[in-house]
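K.L.:
Dropping in entry.cif, with mmCIF, C-alpha atoms.
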data_run
loop_
_atom_site.group_PDB
_atom_site.id
_atom_site.type_symbol
_atom_site.label_atom_id
_atom_site.label_comp_id
_atom_site.auth_asym_id
_atom_site.auth_seq_id
_atom_site.Cartn_x
_atom_site.Cartn_y
_atom_site.Cartn_z
ATOM 1 C CA MET A 160 1.370 9.239 26.591
ATOM 2 C CA SER A 161 2.026 10.197 22.958
ATOM 3 C CA HIS A 162 -0.947 10.864 20.701
ATOM 4 C CA ALA A 163 -1.072 10.042 16.967
ATOM 5 C CA LEU A 164 -3.658 10.896 14.346
ATOM 6 C CA VAL A 165 -3.973 8.163 11.696
ATOM 7 C CA THR A 166 -5.610 8.454 8.278
ATOM 8 C CA GLY A 167 -6.700 5.330 6.439
ATOM 9 C CA GLY A 168 -7.077 3.522 9.743
ATOM 10 C CA THR A 169 -10.169 1.576 8.665
ATOM 11 C CA GLY A 170 -8.119 0.038 5.859
ATOM 12 C CA PHE A 171 -5.549 -2.736 5.625
ATOM 13 C CA ILE A 172 -2.225 -1.056 6.417
ATOM 14 C CA GLY A 173 -3.772 1.666 8.560
ATOM 15 C CA GLY A 174 -5.659 -0.807 10.732
ATOM 16 C CA HIS A 175 -2.522 -2.799 11.505
ATOM 17 C CA THR A 176 -0.652 0.453 12.177
ATOM 18 C CA ILE A 177 -3.274 1.320 14.797
ATOM 19 C CA ASP A 178 -2.703 -2.118 16.359
ATOM 20 C CA ARG A 179 1.020 -1.360 16.624
ATOM 21 C CA LEU A 180 0.470 2.086 18.125
ATOM 22 C CA LEU A 181 -2.007 0.777 20.704
ATOM 23 C CA SER A 182 0.361 -2.034 21.674
ATOM 24 C CA ALA A 183 3.022 0.594 22.383
ATOM 25 C CA GLY A 184 0.672 2.574 24.619
ATOM 26 C CA TRP A 185 -0.083 5.431 22.221
ATOM 27 C CA GLN A 186 -3.333 7.360 22.265
ATOM 28 C CA VAL A 187 -4.843 7.133 18.781
ATOM 29 C CA SER A 188 -7.281 9.343 16.924
ATOM 30 C CA LEU A 189 -8.564 8.260 13.535
ATOM 31 C CA LEU A 190 -9.737 10.452 10.676
ATOM 32 C CA ALA A 191 -12.218 8.339 8.717
ATOM 33 C CA ARG A 192 -14.637 8.988 5.881
ATOM 34 C CA SER A 193 -16.742 6.008 7.003
ATOM 35 C CA PRO A 194 -16.541 5.567 10.802
ATOM 36 C CA HIS A 195 -18.822 2.508 10.624
ATOM 37 C CA ARG A 196 -15.890 0.645 9.022
ATOM 38 C CA LEU A 197 -13.837 0.911 12.222
ATOM 39 C CA TRP A 198 -12.339 -2.487 13.040
ATOM 40 C CA PRO A 199 -14.255 -4.197 15.880
ATOM 41 C CA ARG A 200 -11.091 -4.604 17.963
ATOM 42 C CA HIS A 201 -10.541 -0.836 17.837
ATOM 43 C CA GLN A 202 -14.012 -0.004 19.144
ATOM 44 C CA GLY A 203 -13.721 2.035 22.336
ATOM 45 C CA ARG A 204 -9.925 2.211 22.043
ATOM 46 C CA VAL A 205 -9.572 5.038 19.498
ATOM 47 C CA THR A 206 -11.219 8.396 18.958
ATOM 48 C CA VAL A 207 -12.917 8.596 15.559
ATOM 49 C CA ILE A 208 -13.258 11.878 13.672
ATOM 50 C CA GLN A 209 -15.433 11.813 10.576
ATOM 51 C CA GLY A 210 -13.847 13.541 7.614
ATOM 52 C CA ASP A 211 -13.207 13.180 3.901
ATOM 53 C CA LEU A 212 -9.708 13.952 2.610
ATOM 54 C CA SER A 213 -11.152 15.150 -0.702
ATOM 55 C CA GLN A 214 -12.921 17.983 1.153
ATOM 56 C CA ASP A 215 -12.122 20.551 3.837
ATOM 57 C CA LEU A 216 -11.023 18.829 7.010
ATOM 58 C CA PRO A 217 -12.981 18.969 10.283
ATOM 59 C CA PRO A 218 -11.288 20.371 13.403
ATOM 60 C CA LEU A 219 -8.515 18.002 14.447
ATOM 61 C CA PRO A 220 -7.205 17.334 17.960
ATOM 62 C CA GLN A 221 -3.796 18.442 19.134
ATOM 63 C CA VAL A 222 -1.529 15.469 18.463
ATOM 64 C CA ASP A 223 2.165 14.697 18.587
ATOM 65 C CA ALA A 224 2.302 12.977 15.219
ATOM 66 C CA ILE A 225 0.342 12.179 12.074
ATOM 67 C CA VAL A 226 0.571 8.849 10.255
ATOM 68 C CA HIS A 227 -0.900 9.335 6.797
ATOM 69 C CA CYS A 228 -1.911 5.964 5.345
ATOM 70 C CA ALA A 229 -4.952 7.017 3.321
ATOM 71 C CA ALA A 230 -5.093 7.109 -0.484
ATOM 72 C CA ASP A 231 -7.620 6.431 -3.218
ATOM 73 C CA MET A 232 -7.295 2.683 -3.890
ATOM 74 C CA GLU A 233 -9.982 2.445 -6.580
ATOM 75 C CA MET A 234 -7.650 1.447 -9.402
ATOM 76 C CA HIS A 235 -10.218 2.160 -12.137
ATOM 77 C CA HIS A 236 -10.276 5.872 -11.213
ATOM 78 C CA ASP A 237 -8.372 8.277 -13.443
ATOM 79 C CA THR A 238 -5.584 10.555 -12.241
ATOM 80 C CA ARG A 239 -7.865 13.541 -11.770
ATOM 81 C CA SER A 240 -10.451 11.794 -9.597
ATOM 82 C CA MET A 241 -7.851 9.776 -7.696
ATOM 83 C CA GLY A 242 -5.857 12.939 -7.064
ATOM 84 C CA ARG A 243 -8.698 14.525 -5.100
ATOM 85 C CA THR A 244 -7.932 12.173 -2.218
ATOM 86 C CA THR A 245 -4.364 11.037 -2.787
ATOM 87 C CA ILE A 246 -2.766 14.363 -3.764
ATOM 88 C CA ALA A 247 -5.102 17.075 -2.456
ATOM 89 C CA GLY A 248 -5.848 15.017 0.658
ATOM 90 C CA THR A 249 -2.143 14.718 1.413
ATOM 91 C CA GLU A 250 -1.737 18.464 0.958
ATOM 92 C CA ARG A 251 -4.597 19.055 3.418
ATOM 93 C CA MET A 252 -2.988 16.754 5.981
ATOM 94 C CA LEU A 253 0.368 18.504 5.555
ATOM 95 C CA ALA A 254 -1.299 21.864 6.165
ATOM 96 C CA ALA A 255 -2.978 20.444 9.274
ATOM 97 C CA ALA A 256 0.364 19.075 10.479
ATOM 98 C CA ARG A 257 1.922 22.513 10.162
ATOM 99 C CA ASP A 258 -0.954 24.114 12.087
ATOM 100 C CA LEU A 259 -0.722 21.481 14.831
ATOM 101 C CA ARG A 260 3.091 21.732 14.952
ATOM 102 C CA VAL A 261 3.447 17.958 15.056
ATOM 103 C CA ARG A 262 6.782 16.375 15.934
ATOM 104 C CA ARG A 263 6.547 13.878 13.061
ATOM 105 C CA PHE A 264 4.566 13.374 9.867
ATOM 106 C CA VAL A 265 4.925 9.828 8.508
ATOM 107 C CA HIS A 266 3.722 9.440 4.953
ATOM 108 C CA VAL A 267 2.937 5.937 3.738
ATOM 109 C CA SER A 268 3.908 6.095 0.088
ATOM 110 C CA SER A 269 4.471 3.094 -2.212
ATOM 111 C CA GLN A 270 7.102 1.539 -4.435
ATOM 112 C CA ALA A 271 4.625 2.366 -7.208
ATOM 113 C CA VAL A 272 6.234 5.854 -7.255
ATOM 114 C CA TYR A 273 8.962 4.274 -9.399
ATOM 115 C CA GLY A 274 6.446 3.355 -12.097
ATOM 116 C CA PHE A 275 6.090 -0.038 -13.727
ATOM 117 C CA ASP A 276 8.102 0.554 -16.908
ATOM 118 C CA LYS A 277 11.487 -0.446 -15.499
ATOM 119 C CA ASP A 278 12.885 -3.430 -13.586
ATOM 120 C CA TYR A 279 14.705 -2.953 -10.284
ATOM 121 C CA GLN A 280 17.211 -5.123 -8.479
ATOM 122 C CA ASP A 281 18.478 -4.152 -5.018
ATOM 123 C CA ALA A 282 17.550 -0.493 -5.702
ATOM 124 C CA ASP A 283 17.956 1.932 -2.801
ATOM 125 C CA GLU A 284 15.920 4.978 -1.767
ATOM 126 C CA SER A 285 17.949 7.373 -3.931
ATOM 127 C CA THR A 286 16.354 5.794 -7.016
ATOM 128 C CA PRO A 287 14.464 8.575 -8.842
ATOM 129 C CA MET A 288 10.694 8.464 -8.901
ATOM 130 C CA ARG A 289 9.282 8.186 -12.429
ATOM 131 C CA VAL A 290 6.346 9.813 -14.194
ATOM 132 C CA SER A 291 3.767 7.141 -14.971
ATOM 133 C CA PRO A 292 0.676 6.795 -17.180
ATOM 134 C CA HIS A 293 -1.011 4.815 -14.394
ATOM 135 C CA ALA A 294 -3.172 6.918 -12.087
ATOM 136 C CA TYR A 295 -2.217 5.151 -8.861
ATOM 137 C CA CYS A 296 1.522 5.406 -9.526
ATOM 138 C CA GLU A 297 1.310 9.036 -10.606
ATOM 139 C CA THR A 298 -0.890 10.257 -7.759
ATOM 140 C CA LYS A 299 1.302 8.504 -5.180
ATOM 141 C CA ARG A 300 4.370 10.130 -6.766
ATOM 142 C CA LEU A 301 2.832 13.602 -6.712
ATOM 143 C CA ALA A 302 1.599 13.139 -3.128
ATOM 144 C CA GLU A 303 5.113 12.198 -2.059
ATOM 145 C CA GLU A 304 6.517 15.235 -3.878
ATOM 146 C CA ALA A 305 4.166 17.378 -1.762
ATOM 147 C CA VAL A 306 5.523 15.727 1.388
ATOM 148 C CA TRP A 307 9.127 16.482 0.421
ATOM 149 C CA ALA A 308 8.192 20.102 -0.338
ATOM 150 C CA ALA A 309 6.692 20.394 3.156
ATOM 151 C CA GLY A 310 9.844 18.844 4.576
ATOM 152 C CA ARG A 311 12.030 21.417 2.837
ATOM 153 C CA ALA A 312 9.803 24.091 4.398
ATOM 154 C CA GLY A 313 10.551 22.761 7.887
ATOM 155 C CA LEU A 314 7.945 20.070 8.616
ATOM 156 C CA PRO A 315 9.541 16.957 10.200
ATOM 157 C CA VAL A 316 8.542 14.356 7.601
ATOM 158 C CA THR A 317 9.438 10.717 7.035
ATOM 159 C CA VAL A 318 8.369 8.596 4.063
ATOM 160 C CA VAL A 319 8.012 4.821 3.927
ATOM 161 C CA ARG A 320 7.610 2.962 0.635
ATOM 162 C CA PRO A 321 6.055 -0.479 1.149
ATOM 163 C CA GLY A 322 6.183 -3.200 -1.475
ATOM 164 C CA PHE A 323 3.372 -5.702 -2.121
ATOM 165 C CA VAL A 324 1.610 -5.999 1.242
ATOM 166 C CA TYR A 325 -0.137 -9.248 2.170
ATOM 167 C CA GLY A 326 -1.687 -10.799 5.267
ATOM 168 C CA PRO A 327 -4.944 -10.827 7.238
ATOM 169 C CA GLY A 328 -7.053 -7.755 6.524
ATOM 170 C CA ASP A 329 -6.262 -7.665 2.786
ATOM 171 C CA ARG A 330 -9.443 -7.214 0.781
ATOM 172 C CA ARG A 331 -8.015 -6.064 -2.559
ATOM 173 C CA SER A 332 -4.920 -7.985 -3.635
ATOM 174 C CA LEU A 333 -4.979 -11.697 -2.861
ATOM 175 C CA PRO A 334 -8.740 -12.376 -2.396
ATOM 176 C CA PRO A 335 -9.474 -11.847 -6.132
ATOM 177 C CA VAL A 336 -6.535 -14.114 -7.030
ATOM 178 C CA ILE A 337 -7.850 -16.841 -4.753
ATOM 179 C CA MET A 338 -11.340 -16.519 -6.213
ATOM 180 C CA LEU A 339 -9.961 -16.908 -9.764
ATOM 181 C CA LEU A 340 -7.885 -19.929 -8.747
ATOM 182 C CA ARG A 341 -10.847 -21.626 -7.061
ATOM 183 C CA GLU A 342 -13.002 -21.020 -10.150
ATOM 184 C CA GLY A 343 -10.281 -22.302 -12.495
ATOM 185 C CA LYS A 344 -10.120 -18.968 -14.319
ATOM 186 C CA LEU A 345 -6.452 -18.148 -13.677
ATOM 187 C CA LYS A 346 -4.699 -20.256 -16.293
ATOM 188 C CA ALA A 347 -1.558 -18.345 -17.297
ATOM 189 C CA HIS A 348 1.214 -16.110 -15.994
ATOM 190 C CA ILE A 349 2.437 -12.975 -17.723
ATOM 191 C CA GLY A 350 5.993 -13.562 -18.881
ATOM 192 C CA GLY A 351 6.157 -16.787 -16.911
ATOM 193 C CA GLY A 352 5.461 -15.041 -13.590
ATOM 194 C CA MET A 353 9.172 -14.854 -12.822
ATOM 195 C CA PHE A 354 9.015 -11.363 -11.336
ATOM 196 C CA ASP A 355 9.875 -10.387 -7.768
ATOM 197 C CA THR A 356 6.745 -9.268 -5.912
ATOM 198 C CA GLY A 357 8.612 -7.102 -3.381
ATOM 199 C CA CYS A 358 6.507 -8.898 -0.747
ATOM 200 C CA LEU A 359 5.834 -7.393 2.685
ATOM 201 C CA HIS A 360 3.819 -8.934 5.508
ATOM 202 C CA VAL A 361 1.432 -6.350 6.917
ATOM 203 C CA ALA A 362 2.824 -6.821 10.449
ATOM 204 C CA ASN A 363 6.308 -6.013 9.141
ATOM 205 C CA CYS A 364 4.839 -2.990 7.384
ATOM 206 C CA ALA A 365 3.216 -1.715 10.589
ATOM 207 C CA GLU A 366 6.482 -2.207 12.475
ATOM 208 C CA GLY A 367 8.387 -0.232 9.847
ATOM 209 C CA ILE A 368 5.861 2.599 10.068
ATOM 210 C CA TYR A 369 6.135 2.631 13.853
ATOM 211 C CA LEU A 370 9.940 2.817 13.691
ATOM 212 C CA ALA A 371 9.734 5.625 11.131
ATOM 213 C CA LEU A 372 7.522 7.457 13.626
ATOM 214 C CA THR A 373 9.715 6.971 16.678
ATOM 215 C CA VAL A 374 13.365 6.913 15.554
ATOM 216 C CA ASP A 375 14.901 10.401 15.667
ATOM 217 C CA ALA A 376 17.230 9.774 12.726
ATOM 218 C CA ALA A 377 14.246 9.091 10.447
ATOM 219 C CA VAL A 378 13.313 12.774 10.030
ATOM 220 C CA GLY A 379 13.829 13.825 6.430
ATOM 221 C CA GLN A 380 14.399 10.245 5.255
ATOM 222 C CA ALA A 381 12.664 7.707 3.015
ATOM 223 C CA TYR A 382 12.683 3.956 3.636
ATOM 224 C CA HIS A 383 11.798 0.926 1.550
ATOM 225 C CA LEU A 384 9.877 -1.711 3.483
ATOM 226 C CA GLY A 385 9.852 -5.382 2.511
ATOM 227 C CA ASP A 386 10.329 -8.884 3.862
ATOM 228 C CA GLY A 387 13.956 -8.896 2.735
ATOM 229 C CA ARG A 388 13.651 -11.841 0.343
ATOM 230 C CA VAL A 389 12.671 -12.665 -3.229
ATOM 231 C CA LEU A 390 9.221 -14.159 -3.768
ATOM 232 C CA THR A 391 8.204 -14.399 -7.406
ATOM 233 C CA ILE A 392 4.643 -14.148 -8.622
ATOM 234 C CA ARG A 393 4.917 -17.740 -9.848
ATOM 235 C CA GLN A 394 6.014 -18.957 -6.398
ATOM 236 C CA LEU A 395 3.268 -17.013 -4.657
ATOM 237 C CA VAL A 396 0.540 -18.393 -6.899
ATOM 238 C CA ALA A 397 1.937 -21.947 -6.721
ATOM 239 C CA ASN A 398 1.961 -21.817 -2.919
ATOM 240 C CA ILE A 399 -1.633 -20.600 -2.798
ATOM 241 C CA SER A 400 -2.739 -23.176 -5.381
ATOM 242 C CA ALA A 401 -1.205 -25.984 -3.333
ATOM 243 C CA LYS A 402 -2.931 -24.710 -0.199
ATOM 244 C CA LEU A 403 -6.273 -24.615 -2.039
ATOM 245 C CA GLY A 404 -5.707 -28.012 -3.652
ATOM 246 C CA VAL A 405 -6.148 -26.670 -7.181
ATOM 247 C CA PRO A 406 -3.784 -26.768 -10.193
ATOM 248 C CA ALA A 407 -1.360 -23.875 -10.491
ATOM 249 C CA PRO A 408 -1.387 -21.963 -13.795
ATOM 250 C CA ALA A 409 0.877 -23.786 -16.249
ATOM 251 C CA LYS A 410 0.699 -21.506 -19.279
ATOM 252 C CA SER A 411 2.385 -18.190 -20.013
ATOM 253 C CA VAL A 412 1.422 -15.235 -22.189
ATOM 254 C CA SER A 413 3.728 -12.489 -23.374
ATOM 255 C CA PHE A 414 3.592 -8.985 -21.969
ATOM 256 C CA GLY A 415 2.487 -7.605 -25.345
ATOM 257 C CA VAL A 416 -0.420 -10.018 -25.672
ATOM 258 C CA ALA A 417 -1.531 -9.430 -22.072
ATOM 259 C CA MET A 418 -1.338 -5.659 -22.450
ATOM 260 C CA GLY A 419 -3.315 -5.765 -25.699
ATOM 261 C CA MET A 420 -6.014 -7.837 -24.011
ATOM 262 C CA ALA A 421 -6.108 -5.469 -21.046
ATOM 263 C CA LYS A 422 -6.511 -2.358 -23.183
ATOM 264 C CA THR A 423 -9.293 -3.985 -25.206
ATOM 265 C CA ILE A 424 -11.122 -5.042 -22.043
ATOM 266 C CA GLU A 425 -10.732 -1.563 -20.519
ATOM 267 C CA ALA A 426 -12.079 0.113 -23.679
ATOM 268 C CA THR A 427 -15.065 -2.245 -23.791
ATOM 269 C CA TRP A 428 -15.708 -1.674 -20.077
ATOM 270 C CA ARG A 429 -15.820 2.089 -20.602
ATOM 271 C CA LEU A 430 -17.946 1.805 -23.742
ATOM 272 C CA LEU A 431 -20.524 -0.300 -21.932
ATOM 273 C CA ARG A 432 -20.272 1.953 -18.851
ATOM 274 C CA ARG A 433 -19.789 -0.984 -16.537
ATOM 275 C CA PRO A 434 -19.417 -0.096 -12.842
ATOM 276 C CA GLY A 435 -16.262 -0.835 -10.894
ATOM 277 C CA PRO A 436 -12.914 -2.013 -12.211
ATOM 278 C CA PRO A 437 -12.553 -4.198 -15.319
ATOM 279 C CA PRO A 438 -11.421 -7.816 -14.801
ATOM 280 C CA LEU A 439 -8.037 -7.007 -16.401
ATOM 281 C CA SER A 440 -6.345 -3.621 -16.709
ATOM 282 C CA ALA A 441 -3.156 -2.130 -18.139
ATOM 283 C CA PHE A 442 -2.189 -1.211 -14.574
ATOM 284 C CA THR A 443 -2.410 -4.839 -13.426
ATOM 285 C CA VAL A 444 -0.459 -6.168 -16.399
ATOM 286 C CA ALA A 445 2.306 -3.594 -15.940
ATOM 287 C CA MET A 446 2.476 -4.264 -12.194
ATOM 288 C CA LEU A 447 2.818 -8.023 -12.759
ATOM 289 C CA HIS A 448 5.648 -7.516 -15.253
ATOM 290 C CA ARG A 449 8.139 -5.570 -13.108
ATOM 291 C CA GLN A 450 11.041 -6.821 -11.033
ATOM 292 C CA SER A 451 10.379 -5.150 -7.674
ATOM 293 C CA GLY A 452 13.817 -5.593 -6.166
ATOM 294 C CA PHE A 453 14.151 -2.778 -3.623
ATOM 295 C CA SER A 454 16.772 -2.885 -0.889
ATOM 296 C CA ILE A 455 15.669 -2.611 2.752
ATOM 297 C CA GLN A 456 19.215 -2.139 4.078
ATOM 298 C CA LYS A 457 18.643 1.512 4.967
ATOM 299 C CA ALA A 458 15.632 0.625 7.128
ATOM 300 C CA ARG A 459 17.617 -2.176 8.746
ATOM 301 C CA HIS A 460 20.578 0.051 9.586
ATOM 302 C CA GLN A 461 18.896 3.345 10.497
ATOM 303 C CA LEU A 462 15.625 2.142 12.013
ATOM 304 C CA GLY A 463 16.611 -1.237 13.389
ATOM 305 C CA TYR A 464 13.910 -2.728 11.161
ATOM 306 C CA VAL A 465 13.745 -6.536 11.290
ATOM 307 C CA PRO A 466 11.070 -8.216 9.094
ATOM 308 C CA GLU A 467 10.088 -11.024 11.443
ATOM 309 C CA ARG A 468 7.014 -12.340 9.577
ATOM 310 C CA GLN A 469 7.580 -14.259 6.332
ATOM 311 C CA TRP A 470 5.395 -15.601 3.544
ATOM 312 C CA GLU A 471 5.592 -19.332 4.249
ATOM 313 C CA GLU A 472 4.829 -19.161 7.970
ATOM 314 C CA SER A 473 1.882 -16.823 7.420
ATOM 315 C CA LEU A 474 0.422 -18.603 4.385
ATOM 316 C CA ASP A 475 -2.239 -20.472 6.377
ATOM 317 C CA GLU A 476 -3.639 -17.387 8.092
ATOM 318 C CA THR A 477 -3.386 -15.308 4.919
ATOM 319 C CA VAL A 478 -5.283 -17.832 2.791
ATOM 320 C CA ALA A 479 -7.835 -18.431 5.562
ATOM 321 C CA TRP A 480 -8.545 -14.703 5.729
ATOM 322 C CA CYS A 481 -8.803 -14.365 1.948
ATOM 323 C CA LEU A 482 -11.203 -17.325 1.728
ATOM 324 C CA GLU A 483 -13.384 -15.624 4.315
ATOM 325 C CA VAL A 484 -13.678 -12.375 2.357
ATOM 326 C CA SER A 485 -13.417 -13.570 -1.266
#
Write out the structure in this file as structure tokens.
P.N.:
Amino acid sequence: MSHALVTGGTGFIGGHTIDRLLSAGWQVSLLARSPHRLWPRHQGRVTVIQGDLSQDLPPLPQVDAIVHCAADMEMHHDTRSMGRTTIAGTERMLAAARDLRVRRFVHVSSQAVYGFDKDYQDADESTPMRVSPHAYCETKRLAEEAVWAAGRAGLPVTVVRPGFVYGPGDRRSLPPVIMLLREGKLKAHIGGGMFDTGCLHVANCAEGIYLALTVDAAVGQAYHLGDGRVLTIRQLVANISAKLGVPAPAKSVSFGVAMGMAKTIEATWRLLRRPGPPPLSAFTVAMLHRQSGFSIQKARHQLGYVPERQWEESLDETVAWCLEVS
């Protein structure tokens, strides 16, 4: 039986990745900052090791592979604080992988490494990563750079770059949207909402990660993961609105107006020292104004990746989950 160590396994993508590994008969260990957040269905089926990626790691078991899903997802953090987990934590896991002599290190990156200042259409994995003013984009880029450096030094690494991930287990992306729609507070799209989301069902994401872990040809490679179709922000919101029985946003604001509002709100939030993220940020506006058209042909051809789950067929379960947690 193969044995994998997973980081971020109490979270959205990591939890579904554990599901996929267990279904394939893998032994799974989980490095978690908060073991009490272990998913109920994983209780008694995985070994939990308490540890914080922003600090020295505890002793880790001998494993065949590491799947590194963890990152700082608190979007109001700045690059320095976010980097303690996302960059330094990745470097710690790479060092551990070298010490353990693992056969594969799969790094779950993001299409955010390309920044949000440029539109993409059918872009492949050779597309250069871009320096970004947004902390999440920049720390994910620098973490991935550390992975490639370890790969050049001989560590067998593979990188996956998911798009916008949705589905049951999501607590950050769609639940706030649904809450705003139910309260009638989401009234306008940025630039008409005609931007490709780069959508990816979480089950497809977990399958892509599993293939990246198990296919020999994946060593030293990066792969985009997506559902293989175009779903615009406007379509996504309209579908959810119809499911909720509420009006879809009919108005549109320009990118410049939205960004000005976001920067004003962020400045006021900091001035008043409000906790948590502001209701609108420059990061969110920039993210909602990019065409996220990234090709998944490489994953299809080299990994045998087939995105079986699609937005429409999973809309009921996705909205039901989001209503439960929003």
K.L.:
If we count all atoms listed in the file and set the cut-off at 12 Å, which residues sit around Ala426 of chain A, ignoring sequence neighbours fewer than 6 positions away in its own chain? Please answer as an MDAnalysis selection string.
P.N.:
chainID A and resid 235 419:420 432:433 436:441
K.L.:
For the structure provided, state which residues fall under the PyMOL selection byres ((chain A and resi 388) around 12), and present them as a VMD selection string.
P.N.:
chain A and resid 280 to 281 322 355 to 360 384 to 387 389 to 391 451 to 456 466 to 471
K.L.:
Just how far from atom CA of Leu180 of chain A is atom CA of Arg196 of chain A, in Å to one decimal?
P.N.:
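Interatomic distance, atom CA of Arg196 of chain A to atom CA of Leu180 of chain A: 18.8 Å.
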K.L.:
Evaluate the PyMOL selection byres ((chain A and resi 337-353) around 9) here and jot the selected residues down as a PDB file with C-alpha atoms, in the frame of the given file.
P.N.:
ATOM      1  CA  LEU A 333      -4.979 -11.697  -2.861  1.00  0.00           C
ATOM      2  CA  PRO A 334      -8.740 -12.376  -2.396  1.00  0.00           C
ATOM      3  CA  PRO A 335      -9.474 -11.847  -6.132  1.00  0.00           C
ATOM      4  CA  VAL A 336      -6.535 -14.114  -7.030  1.00  0.00           C
ATOM      5  CA  PHE A 354       9.015 -11.363 -11.336  1.00  0.00           C
ATOM      6  CA  ASP A 355       9.875 -10.387  -7.768  1.00  0.00           C
ATOM      7  CA  THR A 391       8.204 -14.399  -7.406  1.00  0.00           C
ATOM      8  CA  ILE A 392       4.643 -14.148  -8.622  1.00  0.00           C
ATOM      9  CA  ARG A 393       4.917 -17.740  -9.848  1.00  0.00           C
ATOM     10  CA  GLN A 394       6.014 -18.957  -6.398  1.00  0.00           C
ATOM     11  CA  VAL A 396       0.540 -18.393  -6.899  1.00  0.00           C
ATOM     12  CA  ILE A 399      -1.633 -20.600  -2.798  1.00  0.00           C
ATOM     13  CA  SER A 400      -2.739 -23.176  -5.381  1.00  0.00           C
ATOM     14  CA  LEU A 403      -6.273 -24.615  -2.039  1.00  0.00           C
ATOM     15  CA  GLY A 404      -5.707 -28.012  -3.652  1.00  0.00           C
ATOM     16  CA  VAL A 405      -6.148 -26.670  -7.181  1.00  0.00           C
ATOM     17  CA  PRO A 406      -3.784 -26.768 -10.193  1.00  0.00           C
ATOM     18  CA  ALA A 407      -1.360 -23.875 -10.491  1.00  0.00           C
ATOM     19  CA  PRO A 408      -1.387 -21.963 -13.795  1.00  0.00           C
ATOM     20  CA  ALA A 409       0.877 -23.786 -16.249  1.00  0.00           C
ATOM     21  CA  LYS A 410       0.699 -21.506 -19.279  1.00  0.00           C
ATOM     22  CA  SER A 411       2.385 -18.190 -20.013  1.00  0.00           C
ATOM     23  CA  VAL A 412       1.422 -15.235 -22.189  1.00  0.00           C
ATOM     24  CA  SER A 413       3.728 -12.489 -23.374  1.00  0.00           C
ATOM     25  CA  PHE A 414       3.592  -8.985 -21.969  1.00  0.00           C
ATOM     26  CA  VAL A 416      -0.420 -10.018 -25.672  1.00  0.00           C
ATOM     27  CA  ALA A 417      -1.531  -9.430 -22.072  1.00  0.00           C
ATOM     28  CA  VAL A 444      -0.459  -6.168 -16.399  1.00  0.00           C
ATOM     29  CA  LEU A 447       2.818  -8.023 -12.759  1.00  0.00           C
ATOM     30  CA  HIS A 448       5.648  -7.516 -15.253  1.00  0.00           C
ATOM     31  CA  GLN A 450      11.041  -6.821 -11.033  1.00  0.00           C
ATOM     32  CA  VAL A 478      -5.283 -17.832   2.791  1.00  0.00           C
ATOM     33  CA  CYS A 481      -8.803 -14.365   1.948  1.00  0.00           C
ATOM     34  CA  LEU A 482     -11.203 -17.325   1.728  1.00  0.00           C
ATOM     35  CA  SER A 485     -13.417 -13.570  -1.266  1.00  0.00           C
TER      36      SER A 485
END
K.L.:
Using the chain letters and numbers from the file, give me the residues hit by the PyMOL selection byres ((chain A and resi 228) around 6), as a PyMOL selection string.
P.N.:
chain A and resi 166-167+173+227+229+267
K.L.:
Could you jot down the atom CA of Gly326 of chain A to atom CA of Met234 of chain A separation for me, Å, one decimal place?
P.N.:
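So the answer is 20.0 Å.
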K.L.:
Calculated over only C-alpha atoms, which of the candidates A:Leu216, A:Ala445, A:Ala247, A:Val187 has the smallest distance to Asp278 of chain A?
P.N.:
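Checking each candidate against Asp278 of chain A, we get A:Ala445 as the closest.
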K.L.:
Given the point (-4.8, 21.3, 17.7) in the file's coordinates, find the residues that have an atom at most 9 Å from it, counting all atoms listed in the file, and give them as a VMD selection string.
P.N.:
chain A and resid 218 to 222 255 258 to 260
K.L.:
Which one is closest to Tyr464 of chain A: A:Ala376, A:Ala371, A:Ala397, A:Ile172? Count all atoms listed in the file.
P.N.:
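Result for the nearest residue to Tyr464 of chain A: A:Ala371.
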K.L.:
Choose the residue, out of A:Tyr273, A:Ser240, A:Ala302, A:Val324, that has the smallest atom-to-atom separation from Ser285 of chain A; count only C-alpha atoms.
P.N.:
A:Tyr273
K.L.:
What is the distance between atom CA of Val290 of chain A and atom CA of Ser269 of chain A, in Å to one decimal?
P.N.:
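Separation of atom CA of Val290 of chain A and atom CA of Ser269 of chain A: 13.9 Å.
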K.L.:
Find the spatial neighbours of Ala294 of chain A, counting only C-alpha atoms, within a cut-off of 7 Å - ignore same-chain residues fewer than 2 positions away - and output them as a PyMOL selection string.
P.N.:
chain A and resi 237-238+292+296-298
K.L.:
Would you mind exporting the chosen residues as a short mmCIF file (atom, residue, chain, number, x, y, z; two decimals), in the frame of the given file, restricted to C-alpha atoms?
P.N.:
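This went into again.cif:
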data_model
loop_
_atom_site.label_atom_id
_atom_site.label_comp_id
_atom_site.auth_asym_id
_atom_site.auth_seq_id
_atom_site.Cartn_x
_atom_site.Cartn_y
_atom_site.Cartn_z
CA ASP A 237 -8.37 8.28 -13.44
CA THR A 238 -5.58 10.56 -12.24
CA PRO A 292 0.68 6.80 -17.18
CA CYS A 296 1.52 5.41 -9.53
CA GLU A 297 1.31 9.04 -10.61
CA THR A 298 -0.89 10.26 -7.76
#
K.L.:
Between A:Leu301, A:Ala401, A:Ala365, A:Val319, which has the minimum distance to Gly174 of chain A (counting all atoms listed in the file)?
P.N.:
A:Ala365
K.L.:
Adding 5 Å on each side of the box along x, y and z that holds all listed atoms of segment 258-268 of chain A, could you give its centre and edge lengths in Å to one decimal, as lines of an AutoDock Vina configuration file?
P.N.:
center_x = 2.9
center_y = 15.0
center_z = 8.0
size_x = 17.7
size_y = 28.2
size_z = 25.8
K.L.:
Go through A:Ile246, A:Ala271, A:Met160, A:Met241 one by one, measure the shortest atom-to-atom distance of each to Arg449 of chain A using only C-alpha atoms, and give the residue with the smallest value.
P.N.:
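Among the listed residues, the smallest separation from Arg449 of chain A belongs to A:Ala271.
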